[in-house]
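**Q** Below is upload-v6.txt; it holds compact mmCIF, C-alpha atoms and all ligand atoms.
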# COMPACT_ATOMS: atom_id res chain seq x y z
CA MET A 218 0.00 0.00 0.00
CA GLN A 219 2.91 2.31 0.84
CA MET A 220 4.37 1.80 -2.62
CA LEU A 221 1.07 2.17 -4.42
CA VAL A 222 -0.23 5.26 -2.67
CA GLU A 223 3.02 7.19 -2.27
CA GLY A 224 3.87 6.52 -5.91
CA LEU A 225 0.51 7.92 -6.90
CA ALA A 226 1.09 10.92 -4.65
CA MET A 227 4.48 11.70 -6.21
CA GLY A 228 3.04 11.45 -9.71
CA ALA A 229 0.06 13.64 -8.84
CA PHE A 230 2.14 16.32 -7.10
CA ALA A 231 4.71 16.33 -9.92
CA THR A 232 1.90 16.94 -12.39
CA PHE A 233 0.62 19.88 -10.34
CA PHE A 234 4.16 21.19 -9.81
CA ASN A 235 4.87 21.20 -13.55
CA ASN A 236 1.64 22.99 -14.40
CA ILE A 237 1.12 25.51 -11.63
CA ASN A 238 2.02 29.17 -12.25
CA ASP A 239 1.48 30.50 -8.74
CA PRO A 240 4.92 30.80 -7.05
CA THR A 241 3.62 30.12 -3.51
CA GLY A 242 1.69 27.09 -4.70
CA LYS A 243 4.77 25.81 -6.54
CA LYS A 244 6.94 26.16 -3.43
CA LEU A 245 4.29 24.47 -1.30
CA LEU A 246 4.08 21.54 -3.73
CA GLN A 247 7.86 21.22 -3.73
CA LEU A 248 7.93 21.00 0.06
CA VAL A 249 5.11 18.45 0.11
CA MET A 250 7.02 16.39 -2.46
CA THR A 251 10.14 16.59 -0.33
CA ASP A 252 8.14 14.87 2.40
CA GLU A 253 6.47 12.43 0.00
CA ALA A 254 9.84 11.34 -1.37
CA PHE A 255 10.65 9.83 2.03
CA HIS A 256 7.34 7.96 2.12
CA HIS A 257 7.97 6.52 -1.32
CA LYS A 258 11.53 5.55 -0.44
CA PHE A 259 10.29 3.79 2.68
CA GLY A 260 8.17 1.56 0.44
CA LYS A 261 11.20 0.93 -1.76
CA ILE A 262 13.34 -0.01 1.25
CA TRP A 263 10.62 -2.42 2.43
CA ALA A 264 10.42 -3.99 -1.03
CA ASP A 265 14.20 -4.34 -1.43
CA ARG A 266 14.40 -6.18 1.89
CA THR A 267 11.20 -8.21 1.58
CA ILE A 268 10.38 -9.15 -2.01
CA PRO A 269 13.55 -11.22 -2.70
CA HIS A 270 12.80 -13.41 0.36
CA LEU A 271 9.19 -14.25 -0.43
CA ASN A 272 8.28 -17.76 -1.52
CA ALA A 273 6.41 -18.19 -4.82
CA GLU A 274 3.01 -18.30 -3.16
CA GLU A 275 3.59 -15.14 -1.09
CA HIS A 276 4.98 -13.33 -4.12
CA ALA A 277 1.94 -14.28 -6.18
CA ILE A 278 -0.41 -12.87 -3.52
CA ILE A 279 1.36 -9.49 -3.56
CA GLU A 280 1.71 -9.45 -7.34
CA ASP A 281 -1.98 -10.23 -7.92
CA TRP A 282 -3.10 -7.73 -5.29
CA ALA A 283 -0.99 -4.97 -6.87
CA ALA A 284 -2.40 -5.72 -10.34
CA HIS A 285 -5.91 -5.71 -8.92
CA CYS A 286 -5.31 -2.32 -7.24
CA PHE A 287 -3.82 -0.91 -10.44
CA GLN A 288 -6.84 -1.95 -12.48
CA THR A 289 -9.33 -0.68 -9.89
CA LEU A 290 -7.60 2.69 -9.71
CA LEU A 291 -7.22 2.98 -13.47
CA PHE A 292 -10.93 2.53 -14.08
CA ASN A 293 -12.30 4.36 -11.05
CA LEU A 294 -10.04 7.30 -10.28
CA VAL A 295 -11.86 10.40 -11.54
CA SER A 296 -14.28 8.05 -13.26
CA PRO A 297 -17.37 9.61 -14.85
CA SER A 298 -19.53 7.14 -12.91
CA GLN A 299 -18.36 8.81 -9.71
CA GLN A 300 -19.32 12.28 -10.91
CA ARG A 301 -23.03 11.87 -11.53
CA ASP A 302 -23.92 14.68 -9.10
CA LEU A 303 -21.62 17.06 -10.90
CA TYR A 304 -23.17 16.36 -14.31
CA GLU A 305 -26.65 16.80 -12.89
CA GLU A 306 -25.66 20.12 -11.38
CA PHE A 307 -24.83 21.33 -14.88
CA GLY A 308 -28.04 19.97 -16.36
CA LEU A 309 -26.40 17.00 -18.07
CA ASP A 310 -27.87 13.49 -18.19
CA PRO A 311 -25.29 11.40 -16.23
CA ASP A 312 -26.11 8.17 -18.09
CA LYS A 313 -25.54 9.87 -21.42
CA VAL A 314 -22.26 11.44 -20.25
CA ILE A 315 -21.01 8.10 -18.91
CA ALA A 316 -21.95 6.27 -22.12
CA GLU A 317 -20.28 8.86 -24.35
CA MET A 318 -17.17 9.09 -22.14
CA ALA A 319 -16.82 5.29 -22.38
CA GLU A 320 -16.72 5.64 -26.16
CA MET A 321 -14.15 8.42 -26.06
CA VAL A 322 -11.84 7.18 -23.28
CA THR A 323 -10.45 3.91 -24.58
CA ASP A 324 -7.36 1.82 -23.82
CA GLU A 325 -5.70 3.82 -26.59
CA THR A 326 -6.39 7.03 -24.62
CA ARG A 327 -4.99 5.43 -21.47
CA ARG A 328 -1.86 4.31 -23.34
CA GLU A 329 -1.34 7.82 -24.71
CA ASN A 330 -1.74 9.38 -21.24
CA MET A 331 0.74 6.95 -19.74
CA LYS A 332 3.49 8.16 -22.06
CA GLU A 333 3.55 11.30 -19.91
CA GLN A 334 6.45 11.02 -17.39
CA THR A 335 4.38 12.35 -14.51
CA ASN A 336 1.30 10.22 -15.25
CA ILE A 337 0.41 8.65 -11.93
CA PHE A 338 -0.27 5.22 -13.42
CA ARG A 339 3.05 5.21 -15.23
CA VAL A 340 4.77 6.09 -11.94
CA LEU A 341 2.83 3.31 -10.24
CA VAL A 342 3.83 0.63 -12.77
CA LYS A 343 7.43 1.80 -12.61
CA THR A 344 7.40 1.52 -8.82
CA LEU A 345 6.03 -2.02 -8.94
CA LEU A 346 8.43 -3.04 -11.71
CA ASN A 347 11.52 -1.68 -9.96
CA ALA A 348 10.45 -3.34 -6.71
CA GLY A 349 10.38 -6.73 -8.41
CA ILE A 350 6.67 -7.13 -7.71
CA ILE A 351 5.79 -7.46 -11.41
CA THR A 352 7.00 -10.73 -12.96
CA ASP A 353 6.16 -12.49 -16.22
CA ARG A 354 2.89 -13.57 -14.60
CA THR A 355 1.38 -10.08 -14.81
CA ARG A 356 3.79 -8.24 -17.12
CA ALA A 357 1.51 -8.61 -20.15
CA PHE A 358 -1.34 -7.00 -18.24
CA TYR A 359 0.63 -3.80 -17.63
CA ALA A 360 2.15 -3.93 -21.12
CA ILE A 361 -1.33 -3.19 -22.51
CA TYR A 362 -0.91 0.33 -21.17
CA VAL A 363 2.78 1.09 -20.89
CA ASP A 364 6.02 0.14 -22.66
CA MET A 365 7.65 -2.07 -20.02
CA ASP A 366 11.10 -2.18 -21.67
CA GLU A 367 11.17 1.60 -21.82
CA LEU A 368 10.26 1.80 -18.12
CA LYS A 369 12.99 -0.67 -17.17
CA ALA A 370 15.53 1.29 -19.21
CA GLU A 371 14.69 4.46 -17.26
CA GLY A 372 16.27 2.91 -14.17
CA ASP A 373 15.52 3.68 -10.54
CA ARG A 374 15.13 7.42 -10.84
CA MET A 375 11.57 8.42 -9.96
CA VAL A 376 9.54 11.36 -11.12
CA GLY A 377 9.76 14.11 -8.53
CA ASP A 378 13.16 13.01 -7.17
CA ASP A 379 14.87 16.11 -8.57
CA ILE A 380 12.13 18.39 -7.26
CA ALA A 381 12.37 16.76 -3.82
CA GLU A 382 16.17 17.05 -3.72
CA GLU A 383 15.96 20.75 -4.50
CA GLY A 384 13.46 21.00 -1.64
CA ILE A 385 15.85 19.28 0.77
CA LYS A 386 18.63 21.73 -0.18
CA TYR A 387 16.24 24.61 0.43
CA LEU A 388 15.30 23.22 3.87
CA GLN A 389 18.96 22.67 4.75
CA GLU A 390 19.70 26.29 3.98
CA ILE A 391 16.97 27.34 6.38
CA ASN A 392 17.59 24.78 9.11
CA PHE A 393 21.39 24.91 9.11
CA LYS A 394 22.00 28.53 8.27
CA ASP A 395 23.56 29.12 11.71
CA ARG A 396 25.90 26.14 11.46
CA HIS A 397 29.19 26.10 9.60
CA ALA A 398 29.16 22.58 8.19
CA ALA A 399 25.75 21.62 6.93
CA PRO A 400 25.33 17.85 6.60
CA VAL A 401 24.42 16.94 3.04
CA THR A 402 22.63 13.63 3.20
CA ILE A 403 19.84 12.94 0.76
CA ALA A 404 16.69 11.05 1.77
CA ALA A 405 17.36 7.43 2.77
CA GLU A 406 19.69 6.65 -0.13
FE FE B 1 2.82 10.39 1.65
As structure tokens, how would this structure be written, given the file I've shared?
**A**
Amino acid sequence: MQMLVEGLAMGAFATFFNNINDPTGKKLLQLVMTDEAFHHKFGKIWADRTIPHLNAEEHAIIEDWAAHCFQTLLFNLVSPSQQRDLYEEFGLDPDKVIAEMAEMVTDETRRENMKEQTNIFRVLVKTLLNAGIITDRTRAFYAIYVDMDELKAEGDRMVGDDIAEEGIKYLQEINFKDRHAAPVTIAAE
């Protein structure tokens, strides 16, 4: 859950960070991401220490659960079926909106969206892949939406890492401004 949710958070905040024009909002997002980076890394540390020691049955439980969560999120997050009240408020027939959205938002749309570096689902798949949770059992499922070889080639670097590291430097300047030698250690490397 740590890996799923914090990965989503980093993707979502990175998207906002890249698009926001308000300087205070941008700084606030950077500082939130600086915090989130630690949460995400904690999940990574757990996975590095845990996943390699699971037996096949335990691994399959985690792998299937992660795929299930991915699919549920993909089809329900900001889903038109969850926004019926909103459509009604604007005088739209929710059933008609849902039916027409289903025609417009296809797997092709999802694939296109996931090419975006900050797309939360892309970040999520990358997190699961790097953690060794995705194996050949479920790889084909994710490959419907995202180029798995391309993700693997990107390495361990996560979206938002640079933004978070800048944030840590900024906090160090504030917190250690009265000290001569500021310790420069980056989040749980
Ligand atoms: Fe978090």
**Q** May I have the residues within 10 Å of A:Asp364 as JSON, numbers by chain, using only C-alpha atoms and disregarding those fewer than 4 positions away in the same chain?
**A** {"A": [328, 331, 332, 339, 359, 360, 368, 369]}
**Q** So what do you get for atom CA of A:Leu294 versus atom CA of A:Val222, distance-wise?
**A**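 Straight-line distance from atom CA of A:Leu294 to atom CA of A:Val222 works out to 12.6 Å.
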**Q** Kindly extract all protein, DNA and RNA residues lying within 12 Å of the coordinates (8.7, -13.0, 1.6) given in the file, considering only C-alpha atoms, and supply them as number ranges by chain.
**A** A: 263-280, 349-350
**Q** Can I get the selection written as a compact mmCIF listing (two decimals), keeping the file's coordinate frame, with C-alpha atoms?
**A**
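The resulting selection-v6.txt:
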# COMPACT_ATOMS: atom_id res chain seq x y z
CA TRP A 263 10.62 -2.42 2.43
CA ALA A 264 10.42 -3.99 -1.03
CA ASP A 265 14.20 -4.34 -1.43
CA ARG A 266 14.40 -6.18 1.89
CA THR A 267 11.20 -8.21 1.58
CA ILE A 268 10.38 -9.15 -2.01
CA PRO A 269 13.55 -11.22 -2.70
CA HIS A 270 12.80 -13.41 0.36
CA LEU A 271 9.19 -14.25 -0.43
CA ASN A 272 8.28 -17.76 -1.52
CA ALA A 273 6.41 -18.19 -4.82
CA GLU A 274 3.01 -18.30 -3.16
CA GLU A 275 3.59 -15.14 -1.09
CA HIS A 276 4.98 -13.33 -4.12
CA ALA A 277 1.94 -14.28 -6.18
CA ILE A 278 -0.41 -12.87 -3.52
CA ILE A 279 1.36 -9.49 -3.56
CA GLU A 280 1.71 -9.45 -7.34
CA GLY A 349 10.38 -6.73 -8.41
CA ILE A 350 6.67 -7.13 -7.71
**Q** Identify the residues around (3.4, -0.5, 0.6) within a radius of 12 Å, measuring from all atoms listed in the file in the coordinates stated by the file, and give them as a compact mmCIF listing (two decimals) with C-alpha atoms, keeping the file's coordinate frame.
**A**
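The resulting file, out-v3.txt, is shown below:
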# COMPACT_ATOMS: atom_id res chain seq x y z
CA MET A 218 0.00 0.00 0.00
CA GLN A 219 2.91 2.31 0.84
CA MET A 220 4.37 1.80 -2.62
CA LEU A 221 1.07 2.17 -4.42
CA VAL A 222 -0.23 5.26 -2.67
CA GLU A 223 3.02 7.19 -2.27
CA GLY A 224 3.87 6.52 -5.91
CA LEU A 225 0.51 7.92 -6.90
CA HIS A 256 7.34 7.96 2.12
CA HIS A 257 7.97 6.52 -1.32
CA LYS A 258 11.53 5.55 -0.44
CA PHE A 259 10.29 3.79 2.68
CA GLY A 260 8.17 1.56 0.44
CA LYS A 261 11.20 0.93 -1.76
CA ILE A 262 13.34 -0.01 1.25
CA TRP A 263 10.62 -2.42 2.43
CA ALA A 264 10.42 -3.99 -1.03
CA ASP A 265 14.20 -4.34 -1.43
CA THR A 267 11.20 -8.21 1.58
CA ILE A 268 10.38 -9.15 -2.01
CA ILE A 279 1.36 -9.49 -3.56
CA TRP A 282 -3.10 -7.73 -5.29
CA ALA A 283 -0.99 -4.97 -6.87
CA CYS A 286 -5.31 -2.32 -7.24
CA LEU A 341 2.83 3.31 -10.24
CA THR A 344 7.40 1.52 -8.82
CA LEU A 345 6.03 -2.02 -8.94
CA ALA A 348 10.45 -3.34 -6.71
CA ILE A 350 6.67 -7.13 -7.71
**Q** Quick one: distance from atom CA of A:Val314 to atom CA of A:Phe292 in Å, one decimal?
**A**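 These two atoms are separated by 15.7 Å.
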**Q** If we count only C-alpha atoms and set the cut-off at 8 Å, which residues sit around A:Gln247, ignoring sequence neighbours fewer than 3 positions away in its own chain? Please answer as a PyMOL selection string.
**A** chain A and resi 234+243-244+250-251+380-381+384
**Q** Tell me which protein, DNA and RNA residues are within 12 Å of A:Gln334, counting only C-alpha atoms, leaving out same-chain ones fewer than 4 positions away, and put them as a PyMOL selection string.
**A** chain A and resi 227-229+231-232+235+329-330+338-343+363+367-368+371+374-377
**Q** Convert the current residue selection to file output with C-alpha atoms, as a CSV table (one decimal), in the coordinates of the input.
**A**
chain,number,residue,atom,x,y,z
A,227,MET,CA,4.5,11.7,-6.2
A,228,GLY,CA,3.0,11.4,-9.7
A,229,ALA,CA,0.1,13.6,-8.8
A,231,ALA,CA,4.7,16.3,-9.9
A,232,THR,CA,1.9,16.9,-12.4
A,235,ASN,CA,4.9,21.2,-13.6
A,329,GLU,CA,-1.3,7.8,-24.7
A,330,ASN,CA,-1.7,9.4,-21.2
A,338,PHE,CA,-0.3,5.2,-13.4
A,339,ARG,CA,3.0,5.2,-15.2
A,340,VAL,CA,4.8,6.1,-11.9
A,341,LEU,CA,2.8,3.3,-10.2
A,342,VAL,CA,3.8,0.6,-12.8
A,343,LYS,CA,7.4,1.8,-12.6
A,363,VAL,CA,2.8,1.1,-20.9
A,367,GLU,CA,11.2,1.6,-21.8
A,368,LEU,CA,10.3,1.8,-18.1
A,371,GLU,CA,14.7,4.5,-17.3
A,374,ARG,CA,15.1,7.4,-10.8
A,375,MET,CA,11.6,8.4,-10.0
A,376,VAL,CA,9.5,11.4,-11.1
A,377,GLY,CA,9.8,14.1,-8.5
**Q** Kindly compute an axis-aligned box around the listed atoms of stretch 274-278 of chain A, allowing 6 Å on each side, and express its centre and edge lengths in Å to one decimal as AutoDock Vina command-line options.
**A**
--center_x 2.3 --center_y -15.6 --center_z -3.6 --size_x 17.4 --size_y 17.4 --size_z 17.1
**Q** Provide the atom CA of A:Thr355 to atom CA of A:Glu253 distance in Å, to one decimal place.
**A** 27.4 Å
**Q** Excluding A:Arg354 and its own-chain neighbours fewer than 2 positions away, which residues fall within 10 Å of it when counting all atoms listed in the file? Please give them as a list in words.
**A**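 In the requested format, the answer is Ala277, Glu280, Asp281, Ile351, Thr352, Arg356, Ala357 and Phe358 of chain A.
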**Q** Using C-alpha atoms, can you write the selected residues to a file as a CSV table (one decimal), in the coordinates of the input?
**A**
chain,number,residue,atom,x,y,z
A,277,ALA,CA,1.9,-14.3,-6.2
A,280,GLU,CA,1.7,-9.4,-7.3
A,281,ASP,CA,-2.0,-10.2,-7.9
A,351,ILE,CA,5.8,-7.5,-11.4
A,352,THR,CA,7.0,-10.7,-13.0
A,356,ARG,CA,3.8,-8.2,-17.1
A,357,ALA,CA,1.5,-8.6,-20.2
A,358,PHE,CA,-1.3,-7.0,-18.2
**Q** Missing atoms in stretch 295-318 of chain A should be modelled up to N, CA and C atoms and reported as a PDB file, in the frame of the given file.
**A**
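This is the output file part-v5.pdb:
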ATOM      1  N   VAL A 295     -11.238   9.344 -10.738  1.00  0.00           N
ATOM      2  CA  VAL A 295     -11.860  10.400 -11.540  1.00  0.00           C
ATOM      3  C   VAL A 295     -12.743   9.786 -12.633  1.00  0.00           C
ATOM      4  N   SER A 296     -13.406   8.706 -12.295  1.00  0.00           N
ATOM      5  CA  SER A 296     -14.280   8.050 -13.260  1.00  0.00           C
ATOM      6  C   SER A 296     -15.578   8.824 -13.416  1.00  0.00           C
ATOM      7  N   PRO A 297     -16.113   8.880 -14.649  1.00  0.00           N
ATOM      8  CA  PRO A 297     -17.370   9.610 -14.850  1.00  0.00           C
ATOM      9  C   PRO A 297     -18.511   9.044 -13.991  1.00  0.00           C
ATOM     10  N   SER A 298     -18.448   7.741 -13.708  1.00  0.00           N
ATOM     11  CA  SER A 298     -19.530   7.140 -12.910  1.00  0.00           C
ATOM     12  C   SER A 298     -19.538   7.658 -11.469  1.00  0.00           C
ATOM     13  N   GLN A 299     -18.423   8.256 -11.059  1.00  0.00           N
ATOM     14  CA  GLN A 299     -18.360   8.810  -9.710  1.00  0.00           C
ATOM     15  C   GLN A 299     -18.703  10.295  -9.683  1.00  0.00           C
ATOM     16  N   GLN A 300     -19.073  10.825 -10.849  1.00  0.00           N
ATOM     17  CA  GLN A 300     -19.320  12.280 -10.910  1.00  0.00           C
ATOM     18  C   GLN A 300     -20.733  12.603 -11.389  1.00  0.00           C
ATOM     19  N   ARG A 301     -21.638  11.689 -11.099  1.00  0.00           N
ATOM     20  CA  ARG A 301     -23.030  11.870 -11.530  1.00  0.00           C
ATOM     21  C   ARG A 301     -23.618  13.186 -10.999  1.00  0.00           C
ATOM     22  N   ASP A 302     -23.367  13.465  -9.716  1.00  0.00           N
ATOM     23  CA  ASP A 302     -23.920  14.680  -9.100  1.00  0.00           C
ATOM     24  C   ASP A 302     -23.457  15.934  -9.830  1.00  0.00           C
ATOM     25  N   LEU A 303     -22.194  15.912 -10.215  1.00  0.00           N
ATOM     26  CA  LEU A 303     -21.620  17.060 -10.900  1.00  0.00           C
ATOM     27  C   LEU A 303     -22.319  17.303 -12.239  1.00  0.00           C
ATOM     28  N   TYR A 304     -22.516  16.219 -12.999  1.00  0.00           N
ATOM     29  CA  TYR A 304     -23.170  16.360 -14.310  1.00  0.00           C
ATOM     30  C   TYR A 304     -24.583  16.889 -14.146  1.00  0.00           C
ATOM     31  N   GLU A 305     -25.270  16.364 -13.133  1.00  0.00           N
ATOM     32  CA  GLU A 305     -26.650  16.800 -12.890  1.00  0.00           C
ATOM     33  C   GLU A 305     -26.706  18.285 -12.553  1.00  0.00           C
ATOM     34  N   GLU A 306     -25.712  18.716 -11.774  1.00  0.00           N
ATOM     35  CA  GLU A 306     -25.660  20.120 -11.380  1.00  0.00           C
ATOM     36  C   GLU A 306     -25.578  21.037 -12.596  1.00  0.00           C
ATOM     37  N   PHE A 307     -24.964  20.520 -13.664  1.00  0.00           N
ATOM     38  CA  PHE A 307     -24.830  21.330 -14.880  1.00  0.00           C
ATOM     39  C   PHE A 307     -25.889  20.972 -15.931  1.00  0.00           C
ATOM     40  N   GLY A 308     -26.924  20.274 -15.469  1.00  0.00           N
ATOM     41  CA  GLY A 308     -28.040  19.970 -16.360  1.00  0.00           C
ATOM     42  C   GLY A 308     -27.747  18.898 -17.396  1.00  0.00           C
ATOM     43  N   LEU A 309     -26.736  18.069 -17.132  1.00  0.00           N
ATOM     44  CA  LEU A 309     -26.400  17.000 -18.070  1.00  0.00           C
ATOM     45  C   LEU A 309     -26.980  15.677 -17.589  1.00  0.00           C
ATOM     46  N   ASP A 310     -27.346  14.814 -18.524  1.00  0.00           N
ATOM     47  CA  ASP A 310     -27.870  13.490 -18.190  1.00  0.00           C
ATOM     48  C   ASP A 310     -26.665  12.576 -17.877  1.00  0.00           C
ATOM     49  N   PRO A 311     -26.488  12.169 -16.601  1.00  0.00           N
ATOM     50  CA  PRO A 311     -25.290  11.400 -16.230  1.00  0.00           C
ATOM     51  C   PRO A 311     -25.112  10.124 -17.043  1.00  0.00           C
ATOM     52  N   ASP A 312     -26.222   9.419 -17.321  1.00  0.00           N
ATOM     53  CA  ASP A 312     -26.110   8.170 -18.090  1.00  0.00           C
ATOM     54  C   ASP A 312     -25.551   8.428 -19.489  1.00  0.00           C
ATOM     55  N   LYS A 313     -26.005   9.535 -20.075  1.00  0.00           N
ATOM     56  CA  LYS A 313     -25.540   9.870 -21.420  1.00  0.00           C
ATOM     57  C   LYS A 313     -24.056  10.252 -21.393  1.00  0.00           C
ATOM     58  N   VAL A 314     -23.661  11.032 -20.373  1.00  0.00           N
ATOM     59  CA  VAL A 314     -22.260  11.440 -20.250  1.00  0.00           C
ATOM     60  C   VAL A 314     -21.369  10.204 -20.083  1.00  0.00           C
ATOM     61  N   ILE A 315     -21.806   9.312 -19.182  1.00  0.00           N
ATOM     62  CA  ILE A 315     -21.010   8.100 -18.910  1.00  0.00           C
ATOM     63  C   ILE A 315     -20.864   7.251 -20.167  1.00  0.00           C
ATOM     64  N   ALA A 316     -21.982   7.090 -20.895  1.00  0.00           N
ATOM     65  CA  ALA A 316     -21.950   6.270 -22.120  1.00  0.00           C
ATOM     66  C   ALA A 316     -21.025   6.901 -23.170  1.00  0.00           C
ATOM     67  N   GLU A 317     -21.092   8.216 -23.322  1.00  0.00           N
ATOM     68  CA  GLU A 317     -20.280   8.860 -24.350  1.00  0.00           C
ATOM     69  C   GLU A 317     -18.805   8.943 -23.951  1.00  0.00           C
ATOM     70  N   MET A 318     -18.555   9.104 -22.621  1.00  0.00           N
ATOM     71  CA  MET A 318     -17.170   9.090 -22.140  1.00  0.00           C
ATOM     72  C   MET A 318     -16.541   7.719 -22.388  1.00  0.00           C
TER      73      MET A 318
END
